[in-house]
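Colleague: Below is the structure I would like to discuss, written out as structure tokens.
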Amino acid sequence: MRRKCNPGYLAHEKTASPVHQKQAFVQTKYIFVTGGVTSSLGKGIICASLGRLLYARGLRVTIQKFDPYINVDPGTMNPYEHGEVYVTDDGAETDLDLGHYERFLGVPTSQANNVTTGRIYSDVIAKERAGVYLGKTVQVVPHIIDEIKHWMMKLGGTGEFDVVINEIGGTVGDIEGQPYLEAMRQLRYELGRKNTMNIHLTLVPYLSAAGEVKTKPTQHSVKTLLSFGLQPDVLVCRTDRPLGTDVRKKLALFCNVDQEAVIASQDAESIYEVPLLMKEEGLDQIVVERMDLEQVIKERVSTQRGLDDWIQFVRRIKEPKATVQIALVGKYVAHQDAYKSISESLLLAGAEQGVHVDVRPVLSDMVDEDNIQELLGDVSGVLVAPGFGDRGIDGKLDAARFAREKRIPYFGICLGMQCAVIEYARNVCAWENAHSTEFDPSTDYPVIDLMEEQKSIADKGGTMRLGAYDCEIQEGSRVAKIYGRLQTRERHRHRYELNNELREGLISNGLMCTGINPKTDLVEIIELPDHPWFVGVQFHPEYKSIVGAPHPLFESFVGASMKYAKEKDLVESPRPVQRDKRIQLASAKME
Ligand code: GLN
């Protein structure tokens, strides 16, 4: 039987949860997280993990990401460049780290949570044009630095947060990162040491030739920080093995950091173990002590959540009862971060059901009628991903047709829904060459077409239909049962829509349009009645899955895939059980 929609998911829908309502003024604490030695050390995960630990203690936390590139936002970047673009309720196109923040904390983010150098400069230039600087020469110091400081304190200034974690993108020493380090230095000076803290994430590599781990790269990167007037309070050392006391002592001595503040962040099997690993190393306790947060924590007894739920969740990930294979069909599957929120949503949905979802990446360009049986014949679910441009479209149409005809659970997200509609129009309605005008502007059957208001837009950045829109769900439909209610609000990122002029024709041929935007009458959800599970959504449900409360559509899709796998004898045995001492250690520490 299907589990009821997790109430946590509904809580996440509100723009602010009760704990985030204003309370008596408390000085907001600012934690700055920088990275050294190399990129890709997982700063976002460390920030999200620390955020989760502080949140477990009742604190009101948010995380901001500062990206030192000149794009105003990552919306115009190719997913190969930058991974997935994450979209917030207020329609900001942001860095994928915000997805981690939301999934770990369960608290919605907004435009203010992701700021780039491009945004800072465009704001400063707009002010200059408006005459705000009253005849002054506008310069990096003080104007750009002041603008960065303004954004760094913007969320803290609302009074809604006890702690703001500011993640600084890039690696210390990068030319483009320097203004952020100067802004941090000034804030540390102005707000005082109890109210600000610098956590530096670095790499402690093992050199097999020497047979030991090396601290020198960390020492150098701390020296670089010092040259900007910043002394780290905590070192989080990414390492592939446990760090011995001797290494910790050495790092403490040469980097001028207390020994207990040298934290090991050993490679973990799952990113969701990192909060437990950080708990074991005492990261949250160091922050609480350094920033005098004990008193605030005492006042937050009612919102203290502990880590029990998290521990149970990690246990479910690590000890699945079965494995189910789901194909992810898209054109960026070669990049592991391009569909981050989708793969995480599948994982989170699987965890709730004790199932490990083995995501099989299928490059849509490769799919054709001849090889589709080989590529998709043995999967238990097919998810066609969002996307732009015509590369790989035919493969996506083939995948939709294959899943429809073979009765394999199908989940089409945004372009994946549009492909399902095109395929249905061509092969069921027999509307020859039906297409989206994105790919064939002169098709006789433009089942997917540009929205009227999009037709005059030439700029690419920030001009799509973005952010949260209401959707009314048809009573008695499959999705109504899945959601357990008739209204929802989901995040969008697209220009094209199901063409309402052809909607009746599709419906009379059996396609169901079961989710409609009440204001614009645009189709948000389609489904097929005579199929075990065939749903397409114009929006992006993947942006709203959180740990312990995956999006109901993902949960239902994984459930349907599991059912299909059982029927077809495709269930695989669970992965080897990896019992983890961290789970016990973290539980002990929380008591
Ligand atoms: N390219 C399609 C559109 O703009 C789909 C976008 C998407 O999948 N996010 O409507």
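By convention in this document, the chains of the structure tokens carry letters A, B, ... by their order, each chain's residues are numbered from 1, and ligands are numbered from 1 in the order they are shown.
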Please identify every polymer residue within 10 Å of ligand 1, using only C-alpha atoms and all ligand atoms, and present the set as JSON, numbers by chain.
Modeller: {"A": [85, 384, 385, 386, 387, 388, 389, 390, 412, 413, 414, 415, 416, 417, 418, 419, 436, 437, 438, 439, 448, 449, 450, 451, 464, 465, 466, 492, 493, 494, 495, 496, 497, 498, 537, 538, 539, 540]}
Colleague: May I have the residues within 12 Å of A:Ala334 as a PyMOL selection string, using only C-alpha atoms and disregarding those fewer than 3 positions away in the same chain?
Modeller: chain A and resi 79-80+83+328-331+337-339+360-365
Colleague: Each residue of stretch 537-564 of chain A lying at most 12 Å from stretch 300-311 of chain A should get a row with its shortest atom-to-atom pair and the distance in Å to one decimal, counting only C-alpha atoms; could you produce that, ordered by chain and increasing number, as a tab-separated table?
Modeller:
```
residue	atom	partner	partner_atom	distance
A:Ile546	CA	A:Trp310	CA	11.5
A:Val547	CA	A:Trp310	CA	7.9
A:Gly548	CA	A:Asp309	CA	7.6
A:Ala549	CA	A:Asp309	CA	11.1
```
Colleague: Looking only at the backbone, which of the residues in stretch 337-530 of chain A does DSSP tag as strand (DSSP E or B), as number ranges by chain?
Modeller: A: 355-363, 381-384, 410-413, 435-436, 446-450, 465-473, 487-494, 496-498, 512-516, 523-527
Colleague: Leaving out A:Gly244 and any residue of its chain fewer than 5 positions from it, which residues lie within 12 Å of it when counting only C-alpha atoms, given as a PyMOL selection string?
Modeller: chain A and resi 204+212-215+237+239+249-251+259+262-264
Colleague: Report as a PyMOL selection string: the residues of stretch 319-562 of chain A with a DSSP assignment of helix (DSSP H, G or I), based on the backbone of this structure.
Modeller: chain A and resi 340-352+364-366+372-376+393-406+415-427+452-454+478-483+500-508+541-544+552-562
Colleague: Excluding A:Asp267 and its own-chain neighbours fewer than 5 positions away, which residues fall within 8 Å of it when counting only C-alpha atoms? Please give them as a VMD selection string.
Modeller: chain A and resid 238 to 241
Colleague: If you keep C-alpha atoms, can you produce a file of those selected residues as a CSV table (one decimal), in the first residue's frame?
Modeller:
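Saved the output as out-v6.csv:
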```csv
chain,number,residue,atom,x,y,z
A,238,ARG,CA,39.4,16.3,3.2
A,239,THR,CA,41.3,13.1,3.3
A,240,ASP,CA,40.9,9.5,2.1
A,241,ARG,CA,42.1,8.0,5.4
```
Colleague: Please provide as a list in words all residues within 12 Å of A:Leu226, with the sequence filter that same-chain residues fewer than 6 positions apart are discarded (counting only C-alpha atoms).
Modeller: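 In the requested format, the answer is Val172, Gly173, Leu181, Glu182, Arg185, Asn198, His200, Gln219, His220, Pro232, Asp233, Cys255 and Asn256 of chain A.
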Colleague: Considering only C-alpha atoms, return as a list of chain:residue names whatever protein or nucleic-acid residues lie within 10 Å of A:Leu376, sequence-local ones (same chain, fewer than 2 positions apart) excluded.
Modeller: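 Close residues of A:Leu376: A:Gln325, A:Ile326, A:Ala327, A:Leu328, A:Val329, A:Arg360, A:Val362, A:Val367, A:Asn371, A:Ile372, A:Gln373, A:Glu374, A:Asp378, A:Val379, A:Ser380, A:Gly381, A:Val382, A:Ala399, A:Phe402, A:Ala403, A:Ile408.
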